[in-house]
Each structure stands twice: as structure tokens, then as C-alpha cells.
$ cat entry_13.pdb   # PDB, C-alpha atoms
MODEL        1
ATOM      1  CA  MET A   1      45.280  40.839 -23.834
ATOM      2  CA  SER A   2      43.427  40.827 -27.166
ATOM      3  CA  GLU A   3      42.493  37.522 -28.780
ATOM      4  CA  ALA A   4      44.732  38.198 -31.783
ATOM      5  CA  SER A   5      47.759  38.962 -29.650
ATOM      6  CA  GLN A   6      47.143  35.913 -27.437
ATOM      7  CA  ALA A   7      46.928  33.708 -30.516
ATOM      8  CA  ALA A   8      50.150  35.271 -31.808
ATOM      9  CA  GLN A   9      51.814  34.655 -28.447
ATOM     10  CA  MET A  10      50.643  31.050 -28.413
ATOM     11  CA  ASN A  11      51.996  30.598 -31.939
ATOM     12  CA  ARG A  12      55.331  32.099 -30.927
ATOM     13  CA  PHE A  13      55.543  30.008 -27.770
ATOM     14  CA  LEU A  14      54.781  26.744 -29.562
ATOM     15  CA  ALA A  15      57.253  27.582 -32.336
ATOM     16  CA  GLU A  16      59.932  28.039 -29.663
ATOM     17  CA  VAL A  17      59.330  24.708 -27.957
ATOM     18  CA  GLU A  18      58.137  22.401 -30.736
ATOM     19  CA  THR A  19      61.483  20.976 -31.852
ATOM     20  CA  SER A  20      62.723  20.358 -28.325
ATOM     21  CA  ALA A  21      59.356  18.840 -27.373
ATOM     22  CA  PHE A  22      59.611  16.552 -30.385
ATOM     23  CA  GLN A  23      63.177  15.558 -29.528
ATOM     24  CA  LEU A  24      62.145  14.811 -25.965
ATOM     25  CA  ALA A  25      59.139  12.733 -27.058
ATOM     26  CA  ARG A  26      61.103  10.846 -29.722
ATOM     27  CA  TYR A  27      63.753   9.805 -27.251
ATOM     28  CA  ALA A  28      61.010   8.650 -24.897
ATOM     29  CA  VAL A  29      58.992   6.591 -27.381
ATOM     30  CA  ARG A  30      61.664   5.939 -30.052
ATOM     31  CA  ASP A  31      59.261   6.444 -32.910
ATOM     32  CA  THR A  32      58.924   9.584 -35.047
ATOM     33  CA  ASP A  33      55.202   9.292 -35.850
ATOM     34  CA  GLU A  34      54.244   8.487 -32.278
ATOM     35  CA  ALA A  35      56.368  11.378 -31.024
ATOM     36  CA  LEU A  36      54.714  13.775 -33.464
ATOM     37  CA  ASP A  37      51.284  12.623 -32.282
ATOM     38  CA  LEU A  38      52.227  13.157 -28.637
ATOM     39  CA  VAL A  39      53.524  16.668 -29.321
ATOM     40  CA  GLN A  40      50.420  17.520 -31.326
ATOM     41  CA  ASP A  41      48.200  16.317 -28.505
ATOM     42  CA  ALA A  42      50.141  18.333 -25.927
ATOM     43  CA  MET A  43      49.952  21.474 -28.080
ATOM     44  CA  PHE A  44      46.227  21.068 -28.591
ATOM     45  CA  THR A  45      45.537  20.457 -24.897
ATOM     46  CA  LEU A  46      47.583  23.471 -23.844
ATOM     47  CA  ALA A  47      45.819  25.778 -26.298
ATOM     48  CA  LYS A  48      42.331  24.469 -25.696
ATOM     49  CA  LYS A  49      42.358  24.022 -21.926
ATOM     50  CA  TYR A  50      45.045  26.355 -20.639
ATOM     51  CA  GLY A  51      45.264  29.042 -23.328
ATOM     52  CA  ARG A  52      43.645  31.534 -20.935
ATOM     53  CA  LYS A  53      46.343  31.013 -18.306
ATOM     54  CA  PRO A  54      49.105  33.620 -18.046
ATOM     55  CA  VAL A  55      51.813  33.212 -20.702
ATOM     56  CA  SER A  56      54.430  32.683 -17.990
ATOM     57  CA  GLU A  57      52.677  29.439 -16.986
ATOM     58  CA  TRP A  58      52.555  27.929 -20.464
ATOM     59  CA  ARG A  59      56.021  26.377 -20.518
ATOM     60  CA  PRO A  60      55.774  24.286 -17.322
ATOM     61  CA  LEU A  61      52.189  23.399 -18.213
ATOM     62  CA  PHE A  62      53.102  22.328 -21.738
ATOM     63  CA  PHE A  63      55.947  20.095 -20.640
ATOM     64  CA  ARG A  64      53.816  18.662 -17.843
ATOM     65  CA  ILE A  65      51.130  17.749 -20.365
ATOM     66  CA  LEU A  66      53.763  16.213 -22.644
ATOM     67  CA  GLN A  67      55.237  14.211 -19.754
ATOM     68  CA  ASN A  68      51.773  12.891 -18.898
ATOM     69  CA  ARG A  69      51.187  11.896 -22.517
ATOM     70  CA  ILE A  70      54.545  10.099 -22.644
ATOM     71  CA  ARG A  71      53.758   8.256 -19.415
ATOM     72  CA  ASP A  72      50.320   7.255 -20.745
ATOM     73  CA  TRP A  73      51.948   6.050 -23.962
ATOM     74  CA  HIS A  74      54.308   3.811 -22.005
ATOM     75  CA  ARG A  75      51.441   2.432 -19.926
ATOM     76  CA  ARG A  76      49.460   1.618 -23.056
ATOM     77  CA  SER A  77      52.527  -0.007 -24.646
ATOM     78  CA  LYS A  78      53.031  -2.111 -21.555
ATOM     79  CA  VAL A  79      49.427  -3.340 -21.726
ATOM     80  CA  ARG A  80      49.766  -4.010 -25.468
ATOM     81  CA  ARG A  81      52.980  -5.962 -24.896
ATOM     82  CA  ARG A  82      51.317  -8.015 -22.173
ATOM     83  CA  LEU A  83      48.300  -8.750 -24.361
ATOM     84  CA  PHE A  84      50.605  -9.617 -27.234
ATOM     85  CA  SER A  85      52.673 -12.011 -25.176
ATOM     86  CA  GLU A  86      49.524 -13.683 -23.791
ATOM     87  CA  SER A  87      47.918 -14.065 -27.204
ATOM     88  CA  VAL A  88      50.931 -15.649 -28.883
ATOM     89  CA  SER A  89      50.776 -19.423 -28.670
ATOM     90  CA  GLY A  90      53.707 -21.614 -27.662
ATOM     91  CA  GLY A  91      56.417 -22.579 -30.089
ATOM     92  CA  VAL A  92      56.787 -19.095 -31.571
ATOM     93  CA  ASP A  93      59.951 -17.126 -30.964
ATOM     94  CA  ARG A  94      58.545 -13.962 -29.373
ATOM     95  CA  ILE A  95      61.835 -12.124 -29.380
ATOM     96  CA  GLU A  96      62.246 -12.721 -33.080
ATOM     97  CA  GLN A  97      58.741 -11.405 -33.732
ATOM     98  CA  ALA A  98      59.041  -8.274 -31.590
ATOM     99  CA  VAL A  99      59.420  -5.019 -33.481
ATOM    100  CA  ASP A 100      62.646  -3.188 -32.887
ATOM    101  CA  VAL A 101      61.327   0.381 -32.886
ATOM    102  CA  ALA A 102      64.813   1.826 -32.979
ATOM    103  CA  ALA A 103      65.578  -0.097 -36.141
ATOM    104  CA  ALA A 104      62.135   0.615 -37.576
ATOM    105  CA  ASP A 105      62.546   4.358 -37.194
ATOM    106  CA  PRO A 106      65.097   5.711 -39.656
ATOM    107  CA  MET A 107      65.390   8.936 -37.684
ATOM    108  CA  LEU A 108      66.991   7.091 -34.843
ATOM    109  CA  ALA A 109      69.849   6.206 -37.136
ATOM    110  CA  LEU A 110      70.254   9.832 -38.134
ATOM    111  CA  GLY A 111      73.579  11.367 -37.330
ATOM    112  CA  ALA A 112      76.265  13.335 -39.103
ATOM    113  CA  ASP A 113      79.031  11.290 -37.550
ATOM    114  CA  GLY A 114      79.667   8.354 -35.276
ATOM    115  CA  ALA A 115      79.588  10.552 -32.177
ATOM    116  CA  ALA A 116      76.048  11.732 -32.932
ATOM    117  CA  ASP A 117      74.904   8.126 -33.254
ATOM    118  CA  GLU A 118      76.583   7.264 -29.976
ATOM    119  CA  VAL A 119      74.937  10.188 -28.185
ATOM    120  CA  GLU A 120      71.595   9.201 -29.650
ATOM    121  CA  GLU A 121      71.966   5.629 -28.520
ATOM    122  CA  ALA A 122      73.268   6.517 -25.081
ATOM    123  CA  VAL A 123      70.464   8.999 -24.327
ATOM    124  CA  ALA A 124      67.818   6.661 -25.755
ATOM    125  CA  GLY A 125      69.128   3.881 -23.530
ATOM    126  CA  LEU A 126      68.629   5.805 -20.283
ATOM    127  CA  PRO A 127      65.724   4.853 -18.011
ATOM    128  CA  LEU A 128      62.754   7.082 -18.877
ATOM    129  CA  ARG A 129      62.766   9.310 -15.785
ATOM    130  CA  GLN A 130      66.531   9.871 -15.976
ATOM    131  CA  GLN A 131      66.278  10.555 -19.677
ATOM    132  CA  GLN A 132      63.447  13.080 -19.301
ATOM    133  CA  ALA A 133      65.122  14.893 -16.398
ATOM    134  CA  PHE A 134      68.329  15.095 -18.419
ATOM    135  CA  LEU A 135      66.596  16.307 -21.579
ATOM    136  CA  LEU A 136      64.346  18.859 -19.870
ATOM    137  CA  ARG A 137      67.366  20.377 -18.185
ATOM    138  CA  SER A 138      69.745  20.099 -21.138
ATOM    139  CA  ILE A 139      67.489  20.888 -24.084
ATOM    140  CA  GLU A 140      65.032  23.255 -22.476
ATOM    141  CA  GLY A 141      67.454  24.694 -19.968
ATOM    142  CA  MET A 142      64.895  24.245 -17.207
ATOM    143  CA  SER A 143      65.854  24.817 -13.599
ATOM    144  CA  VAL A 144      65.545  22.003 -11.060
ATOM    145  CA  ALA A 145      62.279  23.527  -9.800
ATOM    146  CA  GLU A 146      60.814  23.852 -13.305
ATOM    147  CA  THR A 147      61.834  20.312 -14.187
ATOM    148  CA  ALA A 148      60.235  19.013 -10.988
ATOM    149  CA  LYS A 149      57.016  20.834 -11.881
ATOM    150  CA  ALA A 150      57.059  19.470 -15.431
ATOM    151  CA  MET A 151      57.770  15.908 -14.288
ATOM    152  CA  GLY A 152      55.431  16.004 -11.303
ATOM    153  CA  CYS A 153      58.084  14.936  -8.796
ATOM    154  CA  SER A 154      60.219  16.478  -6.069
ATOM    155  CA  GLN A 155      63.283  18.620  -6.746
ATOM    156  CA  GLY A 156      65.364  16.011  -4.937
ATOM    157  CA  SER A 157      64.219  13.353  -7.409
ATOM    158  CA  VAL A 158      65.128  15.593 -10.333
ATOM    159  CA  LYS A 159      68.624  16.112  -8.935
ATOM    160  CA  THR A 160      69.052  12.375  -8.465
ATOM    161  CA  HIS A 161      67.741  11.480 -11.940
ATOM    162  CA  TYR A 162      69.852  14.166 -13.592
ATOM    163  CA  SER A 163      73.037  13.245 -11.789
ATOM    164  CA  ARG A 164      72.583   9.527 -12.518
ATOM    165  CA  ALA A 165      71.850  10.267 -16.178
ATOM    166  CA  LEU A 166      74.994  12.363 -16.474
ATOM    167  CA  GLY A 167      77.066   9.670 -14.803
ATOM    168  CA  VAL A 168      75.796   7.001 -17.201
ATOM    169  CA  LEU A 169      76.267   9.216 -20.257
ATOM    170  CA  ARG A 170      79.801  10.186 -19.265
ATOM    171  CA  GLU A 171      80.675   6.554 -18.821
ATOM    172  CA  ARG A 172      79.129   5.455 -22.107
ATOM    173  CA  LEU A 173      80.428   8.372 -24.119
ATOM    174  CA  LYS A 174      83.897   8.873 -22.675
ATOM    175  CA  GLU A 175      85.484   8.173 -26.033
ATOM    176  CA  HIS A 176      83.200  10.518 -27.934
ATOM    177  CA  VAL A 177      82.492  13.583 -25.792
TER
ATOM    178  CA  MET B 178      88.363  17.115 -20.113
ATOM    179  CA  THR B 179      86.292  18.387 -17.167
ATOM    180  CA  GLU B 180      82.783  17.230 -16.310
ATOM    181  CA  SER B 181      81.288  20.549 -17.360
ATOM    182  CA  ASP B 182      83.104  20.280 -20.720
ATOM    183  CA  GLN B 183      81.523  16.875 -21.251
ATOM    184  CA  GLU B 184      78.116  18.233 -20.275
ATOM    185  CA  ALA B 185      78.519  21.147 -22.684
ATOM    186  CA  ARG B 186      79.497  18.783 -25.504
ATOM    187  CA  LEU B 187      76.483  16.601 -24.822
ATOM    188  CA  LYS B 188      74.212  19.624 -24.985
ATOM    189  CA  GLU B 189      75.871  20.709 -28.198
ATOM    190  CA  ALA B 190      75.318  17.255 -29.728
ATOM    191  CA  LEU B 191      71.640  17.431 -28.815
ATOM    192  CA  ARG B 192      71.341  20.934 -30.273
ATOM    193  CA  ARG B 193      72.917  19.812 -33.551
ATOM    194  CA  GLN B 194      70.543  16.882 -33.670
ATOM    195  CA  ARG B 195      67.570  19.244 -33.215
ATOM    196  CA  GLU B 196      68.773  21.502 -35.980
ATOM    197  CA  ALA B 197      69.129  18.534 -38.325
ATOM    198  CA  LEU B 198      65.447  17.616 -38.104
ATOM    199  CA  PRO B 199      64.095  16.679 -41.544
ATOM    200  CA  GLU B 200      61.856  19.137 -43.351
ATOM    201  CA  ASP B 201      58.801  16.870 -43.248
ATOM    202  CA  VAL B 202      59.003  16.632 -39.449
ATOM    203  CA  ARG B 203      59.266  20.422 -39.206
ATOM    204  CA  ASP B 204      56.264  20.775 -41.509
ATOM    205  CA  ARG B 205      54.183  18.423 -39.382
ATOM    206  CA  LEU B 206      55.144  20.269 -36.201
ATOM    207  CA  ALA B 207      54.157  23.568 -37.824
ATOM    208  CA  ALA B 208      50.825  22.095 -38.918
ATOM    209  CA  SER B 209      50.149  20.870 -35.364
ATOM    210  CA  ARG B 210      50.985  24.314 -34.046
ATOM    211  CA  ARG B 211      48.560  25.985 -36.453
ATOM    212  CA  GLU B 212      45.806  23.580 -35.376
ATOM    213  CA  ALA B 213      46.487  24.304 -31.711
ATOM    214  CA  VAL B 214      46.352  28.066 -32.271
ATOM    215  CA  ALA B 215      43.091  27.643 -34.195
ATOM    216  CA  ALA B 216      41.729  25.628 -31.252
ATOM    217  CA  LEU B 217      42.644  28.466 -28.901
ATOM    218  CA  GLU B 218      40.777  30.981 -31.031
ATOM    219  CA  GLU B 219      37.818  28.616 -31.324
ATOM    220  CA  SER B 220      37.643  28.032 -27.575
ATOM    221  CA  LYS B 221      37.566  31.782 -27.018
ATOM    222  CA  SER B 222      34.784  32.436 -29.440
ATOM    223  CA  GLY B 223      32.799  29.442 -28.208
ATOM    224  CA  GLY B 224      33.482  29.536 -24.470
ATOM    225  CA  TRP B 225      31.882  31.508 -21.661
ATOM    226  CA  SER B 226      34.118  33.449 -19.284
ATOM    227  CA  LEU B 227      33.034  34.665 -15.832
ATOM    228  CA  ALA B 228      33.029  38.238 -17.156
ATOM    229  CA  GLU B 229      30.474  37.166 -19.733
ATOM    230  CA  TRP B 230      28.406  35.463 -17.030
ATOM    231  CA  PHE B 231      28.211  38.729 -15.115
ATOM    232  CA  SER B 232      27.345  40.889 -18.108
ATOM    233  CA  PRO B 233      23.983  42.742 -17.852
ATOM    234  CA  ARG B 234      22.699  40.848 -20.869
ATOM    235  CA  SER B 235      23.446  37.451 -19.254
ATOM    236  CA  LEU B 236      21.896  38.432 -15.934
ATOM    237  CA  ALA B 237      18.779  39.763 -17.671
ATOM    238  CA  MET B 238      18.483  36.513 -19.616
ATOM    239  CA  ALA B 239      18.922  34.468 -16.432
ATOM    240  CA  ALA B 240      16.278  36.529 -14.622
ATOM    241  CA  ALA B 241      13.811  36.173 -17.482
ATOM    242  CA  ALA B 242      14.413  32.424 -17.680
ATOM    243  CA  SER B 243      14.009  32.024 -13.893
ATOM    244  CA  ALA B 244      10.770  34.016 -13.917
ATOM    245  CA  ALA B 245       9.390  31.937 -16.781
ATOM    246  CA  ILE B 246      10.252  28.643 -15.036
ATOM    247  CA  ALA B 247       8.838  29.814 -11.723
ATOM    248  CA  LEU B 248       5.632  30.972 -13.379
ATOM    249  CA  TRP B 249       5.288  27.708 -15.254
ATOM    250  CA  VAL B 250       5.842  25.627 -12.101
ATOM    251  CA  ALA B 251       3.494  27.790 -10.004
ATOM    252  CA  LEU B 252       0.689  27.684 -12.555
ATOM    253  CA  SER B 253       0.942  24.010 -13.410
ATOM    254  CA  PRO B 254      -1.733  21.838 -11.676
ATOM    255  CA  GLY B 255       0.653  19.384 -10.050
ATOM    256  CA  GLY B 256       3.291  22.005  -9.208
ATOM    257  CA  ASP B 257       5.304  22.313  -6.012
ATOM    258  CA  PRO B 258       2.751  23.088  -3.230
ATOM    259  CA  ALA B 259       5.221  25.428  -1.526
ATOM    260  CA  LEU B 260       5.588  27.670  -4.540
ATOM    261  CA  PRO B 261       2.066  29.162  -4.589
ATOM    262  CA  LEU B 262       2.928  30.759  -1.223
ATOM    263  CA  LEU B 263       5.197  33.101  -3.136
ATOM    264  CA  SER B 264       4.199  35.148  -6.104
ATOM    265  CA  ALA B 265       5.980  34.441  -9.386
ATOM    266  CA  PRO B 266       8.170  37.624  -9.246
ATOM    267  CA  GLU B 267       9.211  36.714  -5.651
ATOM    268  CA  VAL B 268      10.252  33.253  -6.761
ATOM    269  CA  ALA B 269      12.256  34.817  -9.554
ATOM    270  CA  VAL B 270      14.064  37.120  -7.108
ATOM    271  CA  VAL B 271      14.933  34.217  -4.788
ATOM    272  CA  GLN B 272      16.249  32.170  -7.686
ATOM    273  CA  ASP B 273      18.248  35.143  -8.989
ATOM    274  CA  LEU B 274      19.873  35.511  -5.572
ATOM    275  CA  GLU B 275      20.829  31.845  -5.609
ATOM    276  CA  LEU B 276      22.263  32.255  -9.098
ATOM    277  CA  LEU B 277      24.236  35.312  -7.978
ATOM    278  CA  GLU B 278      25.593  33.436  -4.971
ATOM    279  CA  GLU B 279      26.692  30.643  -7.253
ATOM    280  CA  LEU B 280      28.350  33.095  -9.628
ATOM    281  CA  GLU B 281      30.090  34.806  -6.710
ATOM    282  CA  PHE B 282      31.344  31.415  -5.569
ATOM    283  CA  LEU B 283      32.664  30.659  -9.043
ATOM    284  CA  ALA B 284      34.370  34.072  -9.182
ATOM    285  CA  TRP B 285      35.957  33.394  -5.792
ATOM    286  CA  LEU B 286      37.154  30.003  -7.000
ATOM    287  CA  GLU B 287      38.688  31.640 -10.063
ATOM    288  CA  GLU B 288      40.454  34.225  -7.864
ATOM    289  CA  GLU B 289      41.744  31.478  -5.603
ATOM    290  CA  SER B 290      43.127  29.477  -8.502
ATOM    291  CA  GLN B 291      44.791  32.611  -9.917
ATOM    292  CA  GLY B 292      46.254  33.393  -6.521
ATOM    293  CA  ALA B 293      47.557  29.847  -6.212
ATOM    294  CA  GLY B 294      48.962  29.833  -9.770
TER
ENDMDL
END

$ encode --input "entry_13.pdb" --output "C-alpha cells"
Amino acid sequence: MSEASQAAQMNRFLAEVETSAFQLARYAVRDTDEALDLVQDAMFTLAKKYGRKPVSEWRPLFFRILQNRIRDWHRRSKVRRRLFSESVSGGVDRIEQAVDVAAADPMLALGADGAADEVEEAVAGLPLRQQQAFLLRSIEGMSVAETAKAMGCSQGSVKTHYSRALGVLRERLKEHV
Amino acid sequence: MTESDQEARLKEALRRQREALPEDVRDRLAASRREAVAALEESKSGGWSLAEWFSPRSLAMAAAASAAIALWVALSPGGDPALPLLSAPEVAVVQDLELLEELEFLAWLEEESQGAG
């Protein structure tokens, strides 16, 4: 494959997945800027390190990279939260001081109607693994095997996460969907 | 409403949400994409593939470099005492063989990883 055609293929591939990757990352971190950074990082890593791999491998690789970035982001946030809580002296209301990222991000309030807001809130409220399994399968249309590869877990785990996510969403959204 | 209806409606809600992404977010995604594609092109022009390693030009350069190093080591006063037993061209041949073995190993590794992928 010529360099020009590979670059064109990479451009086409990333254009196909960028909005769903962003949606997936935004649900996971609940912040538009952070989600954009994660997607940018995943795109760059795929192109730089795995651009020579066959085109058919790009999709699982890309979403695997994105999943790893999301997981790293959560680990870093956890450390930051711990440091924050240790550095704050007594007498200060920590809950009052904590930033509500959902409220801070206007995109999370985006929705054409009440149902869209409800869906947003319900999906955002899922545990991370359930949420990512649900979104990879629903948004990207990935098979169980592809989702397992992207999430770095077994197919059985994907089935469990997906089924639990659906159960929770059905329960929370029974009036809307 | 059946479970699959609910699932379909959820997917539809997510699709609508994706389509409603603001223009500035789309612009930033497009900019990230362009940077990634540029990085791909850069890595190709700057990187060394195995095919390039095996090119006659690369092998000739490696042989010349090996011969020069061997000659320098053999002629230096405190050089490796074992080296003077071999003439400089012989040392170069031995080192070239080692280099070739290493390159063959790398090529095999590459084939293995392709086979596994």
C-alpha cells in the first residue's frame, strides 16, 4: 500500500470513529475537554505506533488504546482525589468543595428533550465497565469478541457487563424508552 | 414494548446525541485527526522498516562500518588481544554474519507477530 493511500485510509478510518470515540470517552470521564484529549491521544498513538498494521486491525486497536487511556485517567483521578482529601484540613466541607463535573460540563446537559437528558444521565451513571461494554456494543456495533478485545477482558465478562447495563437502563428509563 | 424495542430506542437516542455534537467539538476532533495522519506520514518518512534494513545500501554501509571499527580496534595499542589473530577483513566478515543473524531473527519475529495478528 502506498504511503498516500495509507494516510488516506487512516484519515477515513479516524473520521468514521471519532464521534463515537468522543461519545464513549465523554461518558467515561464526564468532561468534554478531557474526553477530547483522550481521543486525540488515542488517535495519535494508533497512527504513530500501529499505522503499519493491517487496516482490519485498526478498529480493535484504536478502541483498546482508548480504553487504556480512560482507565489511566480514572486511576490518575483517584490519586488526585486521595491527595486532595489528604491535603484538606479539618473543618472544611469537602463535599461542598468538590467539583461536580457533570454540572461543570454544559455538554452533559445537552439534550433536545427530557428523554435525551434521561438517557444521558442513566448511561453516565452506569459503572465504568458496564457503561463501556454497553457503548462499544451499541454505538460501535462491536461483536462480543471485538468488545472483549477492545476492553481487554473475556467474552463472558462482556456479556455480563452488557446484560447488567441493559437491565439497569431499562429499569431507569422505563418511562422514557 | 419488547426488550429489543427498548434496546433499539436506546441506540437511537445515542445516535441522535452523536449527531447533535456542537461544531467546535467536531472541529477539534477533525484537527486531532489531521495531526494523527501527519504523525503517520512522519513516522514513515523517519522510521526504518526491515525491508530498508535488508537493502543493499544498508548492508554495504553496515559492512563498511564494521570493517572500520574492526580495523580501528585491531590497530589500536591497547586493543582486544584476540583480534590480531584475525585480519581486519576476516573480523568484518564475522561481524557481518552476526549482524545478518540478528536481522534474520528480527525478520522472523516480525513474521511471527504478523502470523499471530

$ closest_residue --input "entry_13.pdb" --among "B:Ala213, B:Arg205, B:Ala237, B:Glu200" --to "chain A" --atoms "all atoms listed in the file"
B:Ala213

$ resolve_selection --input "entry_13.pdb" --expression "the ChimeraX specification (/B :<7) & /A" --output "list in words"
Ala7, Met10, Asn11, Leu14, Glu18, Thr19, Ser20, Gln23, Gln40, Met43, Phe44, Ala47, Lys48, Gly51, Ala116, Ser138, Ile139 and Val177 of chain A

$ residues_around --input "entry_13.pdb" --residues "Val123 in chain A" --least-positions-apart "4" --cutoff "9 Å" --atoms "only C-alpha atoms" --output "ChimeraX atom specification"
/A:27,118-119,127,131,134-135,165,169

$ write_last_selection --input "entry_13.pdb" --atoms "C-alpha atoms" --output "PDB file, keeping the file's coordinate frame"
ATOM      1  CA  TYR A  27      63.753   9.805 -27.251  1.00  0.00           C
ATOM      2  CA  GLU A 118      76.583   7.264 -29.976  1.00  0.00           C
ATOM      3  CA  VAL A 119      74.937  10.188 -28.185  1.00  0.00           C
ATOM      4  CA  PRO A 127      65.724   4.853 -18.011  1.00  0.00           C
ATOM      5  CA  GLN A 131      66.278  10.555 -19.677  1.00  0.00           C
ATOM      6  CA  PHE A 134      68.329  15.095 -18.419  1.00  0.00           C
ATOM      7  CA  LEU A 135      66.596  16.307 -21.579  1.00  0.00           C
ATOM      8  CA  ALA A 165      71.850  10.267 -16.178  1.00  0.00           C
ATOM      9  CA  LEU A 169      76.267   9.216 -20.257  1.00  0.00           C
TER      10      LEU A 169
END

$ residues_around --input "entry_13.pdb" --residues "Ser143 in chain A" --least-positions-apart "4" --cutoff "12 Å" --atoms "all atoms listed in the file" --output "list in words"
Pro60, Ala133, Phe134, Leu135, Leu136, Arg137, Ser138, Ile139, Thr147, Ala148, Lys149, Ala150, Gln155, Val158, Lys159 and Tyr162 of chain A

$ residues_around --input "entry_13.pdb" --residues "range 68-83 of chain A" --least-positions-apart "2" --cutoff "8 Å" --atoms "all atoms listed in the file" --output "JSON, numbers by chain"
{"A": [25, 28, 29, 38, 42, 64, 65, 66, 85, 86, 87]}

$ closest_residue --input "entry_13.pdb" --among "A:Gln6, A:Ser163, A:Phe22, A:Ala124" --to "Asp37 in chain A" --atoms "all atoms listed in the file"
A:Phe22

$ atom_distance --input "entry_13.pdb" --atom1 "CA of Ala4 in chain A" --atom2 "CA of Val17 in chain A"
20.2 Å

$ atom_distance --input "entry_13.pdb" --atom1 "CA of Cys153 in chain A" --atom2 "CA of Gln9 in chain A"
28.5 Å
